[in-house]
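Step one of this worksheet: look at the structure below.
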Amino acid sequence: MANQLIEAGSNGHQQPALNDSQNLVEARGLKMYFPITKGLFSRVVGYTKAVDDVSFDIRAGETLGLVGESGCGKTTVGRCLVRAYQPTAGEIIYRKAVDLTKDAQKRQFSSHGFKHNDPSSQDQTIDLATLTGRQLSPFRHEVRMIFQDPYSSLNPRMTVFENITEALRNSGMRSRREMKERAGYLLKRVGLRPEYMVRYPHAFSGGERQRVVIARALVTNPRLIIADEAVSALDVSVRAQILNLLEELQSDFKLTYLFISHDLSVIRHICDRVIVMYVGKIVEVAEGLDIYTNPKHPYTEALMSAVPVANPRQRKQNQRIYLEGEVADPSNPPSGCYFHPRCQYAKDQCKTETPELKDMGNGHFSACHFAGELNLRGAVMS
Amino acid sequence: MTEPLLEVSDLKIHFFTDEGVVKAVEGVDLVIERGKTLCLVGESGCGKSVASRAFMQIIRKPGKIVSGQMLFRRKSDDGTEEIIDLAKMDPKGYPIRQIRGKEISMIFQEPMTSLSLMHTVGHQITEMIRLHTDTTPTEAKVSAIKMLQRVGIPRPERLIDEYPFRLSGGMRQRVMIAMAMSCNPTMLIADEPTTALDVTTQAQILDLMLELQHDYGMALLFITHDLGVVAEIADDVAVMYLGRIVERGDADTVFNEPKHPYTQALLRSIPKIAMQRDELEPIKGMVPSPFRRPTGCQFHPRCAQRFNLCNQVEPANTHLNENHSVRCLLYEDAEARTSNAEAAAHG
């Protein structure tokens, strides 16, 4: 079944078009099913629908937030975009840099820039979901990832220099002097001393390691960075440092971020737009402030009401919404709207019909049958 | 002020490692009151967990309580009230084992590592009940089911025969709470109990803990680094930095009129959900290595308000009013400051 879906999703030689020229990435109908196997011959008995028919845009230069509880598929979406996974179906349409060398120059470090495989190509867009192996390698430089745990994401047996420049070596750069220069420059940019590049990761604290991880992501002149819970494992004071650093780097290097997090206050701070996911589906998309003041999906409302407010005086203002039961199982989701068994506004229609993501105006989308009628409460503002 | 349940004074805990002595807790003074919630806040490595483990005498080797008192008020076996010093007790002795789990119990951050994988949920709870009370296995099972029901577990009579790996994170934490509450302790220590949970589950667990506290009247010592959680549940807040409590007061005062530069900086560095996107002001630098503690005030290398005395004089605890104390030279009056400086110069 999976293979058929992949074939159906690929579109041969046709040039996929973007809906909006401002978009850097458009994901359309993205699906990632993980097979559940059983028995001696690993018979496939079902699929875990980690990401189930998800479509969204990432605009160039923005920070897009992706929130949801654990198991909602937000990390899987990120991993599909960096093509750590082969999506089961769907398209990831990516706008190529107009002229790669020129674009790199704009992003400040052309002297150490890359020779991309096909600078002659005039194609404007490409579907990342169908590429394989070597075809992907130029895009591996443009879409990079920052992981949650800086203790496990750096190779402990490589020095910081080797960790940072591994991607350069893999793409055929041989000049050690050039790589040193570049690693030194990036370490300085992320607030570490260039001399530290000879050390091993164990000599650094959590916050410093996360800076190394950021330098490693930047080493290939990326355009899109997927930050998967990039600050969740850090202490409060260090978290603020890294958030500020990420914002600073974004404007200096013209980066686009997909910021995956479960922390709604961090998302509020850093994101321009927010996507809320629940059990593999997008339930709501809106501009940053809009989703906090004016949520249009009952799940978002419940999520907002659960966020602790950092002021004891506002304790009573917040009326918690209790979600009954547990998050649905993505291998055996409920009928209709996946959220209906826990939704306090659910009606009969919710049990049978799966809601589509509807445009509510002002770039606000909600996947709720009653999004227009419900009057939902926003987060308590401090 | 209600009567203190646990009075800690000048508690020092050192770890004697091969590389040197780590002073994890350097003179902590705390009062935990009956029926109230005290939140101990601080960044990782500030000694908040170590201090709380000391109250149950479960510090891991090579850690040791070097000095200090932990006066715990309890009902003795003959029914009269007595005050005992937990710091003097032998960690392996019989008396502390009578207190552990029965009068002071603890919930840990990661329920999967603190529950036994090899035993059923019911086995683990009834073991606790039977250790501390004189009950038959059937009675213990009945009260275990009752407790599981109390913490909001559906169909407890079925769940009692399940193994912990079959449960979700939130359910496991509920089991931990049921286990900790099963002997009706007078004090519950919760060490980051919601950090590993999702926000919606976290909200439910926090509300459950407050509800249980209200019903059973126990004191709650809540350890966390999440200031949002503190603001939700705390009556009193103690802020720790490098093994010392730098500020203590009721939640409203600490959040709205923080005095210590570290508390102020900490509050400015957390992102908030607000109409305007706020500028974050991170604290400069990082927590120093425990082997190289700064002289004078521990926070001075990162402090924006430091002055010439800060690297020489160790600030004493200054009481601003009955409920609010701070450990910073800015609030010590001039007299005390000079006498401290002289003492430092002579010593």
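Please note that chains go A, B, ... in the order of the structure tokens, that every chain numbers its residues from 1, and that ligands are numbered from 1 in the order shown.
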
**Request:** Could you please tell me, as a ChimeraX atom specification, which residues of chain B have an atom within 7 Å of chain A when using only C-alpha atoms?
**Result:** /B:43-44,198-200,203,227-229,231-232,251-252,255,266,269-275,277-278,280-283

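Taking the backbone of this structure through DSSP, the residues of stretch 111-310 of chain B that come out as strand (DSSP E or B) are Met187, Leu188, Ile189, Ala190, Asp191, Ala219, Leu220, Leu221, Phe222, Ile223, Thr224, Asp236, Val237, Ala238, Val239, Met240, Tyr241, Arg244, Ile245, Val246, Glu247, Arg248, Gly249 and Asp250 of chain B.
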
**Request:** One decimal, Å: what's the distance from atom CA of A:Ser331 over to atom CA of A:Pro355, could you say?
**Result:**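 Value for the atom CA of A:Ser331-atom CA of A:Pro355 distance: 18.9 Å.
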
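Computed from the coordinates, the atom CA of B:Gln312 to atom CA of B:Leu329 distance equals 10.8 Å.
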
**Asked** Near stretch 99-108 of chain B, within 6 Å and counting only C-alpha atoms, which residues show up once chain neighbours fewer than 6 positions away are dropped, as a ChimeraX atom specification?
**Response** /B:180,183,185-191,193

Selection from above, C-alpha atoms, as a PDB file, in the first residue's frame, can you write it?
ATOM      1  CA  ALA B 180       3.265   8.629  47.806  1.00  0.00           C
ATOM      2  CA  CYS B 183       0.191   6.407  53.964  1.00  0.00           C
ATOM      3  CA  PRO B 185       2.125  11.728  54.825  1.00  0.00           C
ATOM      4  CA  THR B 186       2.420  15.076  56.561  1.00  0.00           C
ATOM      5  CA  MET B 187       4.892  16.275  53.984  1.00  0.00           C
ATOM      6  CA  LEU B 188       5.171  15.515  50.292  1.00  0.00           C
ATOM      7  CA  ILE B 189       8.298  16.344  48.313  1.00  0.00           C
ATOM      8  CA  ALA B 190       7.713  16.615  44.565  1.00  0.00           C
ATOM      9  CA  ASP B 191      10.879  16.866  42.514  1.00  0.00           C
ATOM     10  CA  PRO B 193       6.891  15.969  38.908  1.00  0.00           C
TER      11      PRO B 193
END

**Complete:** Here atom CA of B:Ile32 and atom CA of B:Leu220 stand apart by 8.2 Å

**Request:** Using only C-alpha atoms, determine which residues lie at most 8 Å from stretch 18-26 of chain B, disregarding the query and same-chain residues fewer than 6 positions distant; provide the list as a list in words.
**Result:** Asp10, Leu11, Lys12, Gly45, Cys46, Gly47, Val50, Ala51, Leu242, Gly243, Arg244, Pro290 and Phe291 of chain B

**Prompt:** Got a sec: who's within 10 Å of A:Tyr338, counting only C-alpha atoms, leaving out chain neighbours fewer than 5 positions off, as a ChimeraX atom specification?
**Reply:** /A:278-281,283,327-330,333,343,350-351,353-355

**Request:** Give me the residues within 9 Å of B:Gln298 as a list in words, counting only C-alpha atoms and dropping any in the same chain fewer than 5 places off.
**Result:**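 Counting only C-alpha atoms, the residues come to Tyr241, Leu242, Arg244, Pro288, Arg293, Cys310, Asn311 and Glu314 of chain B.
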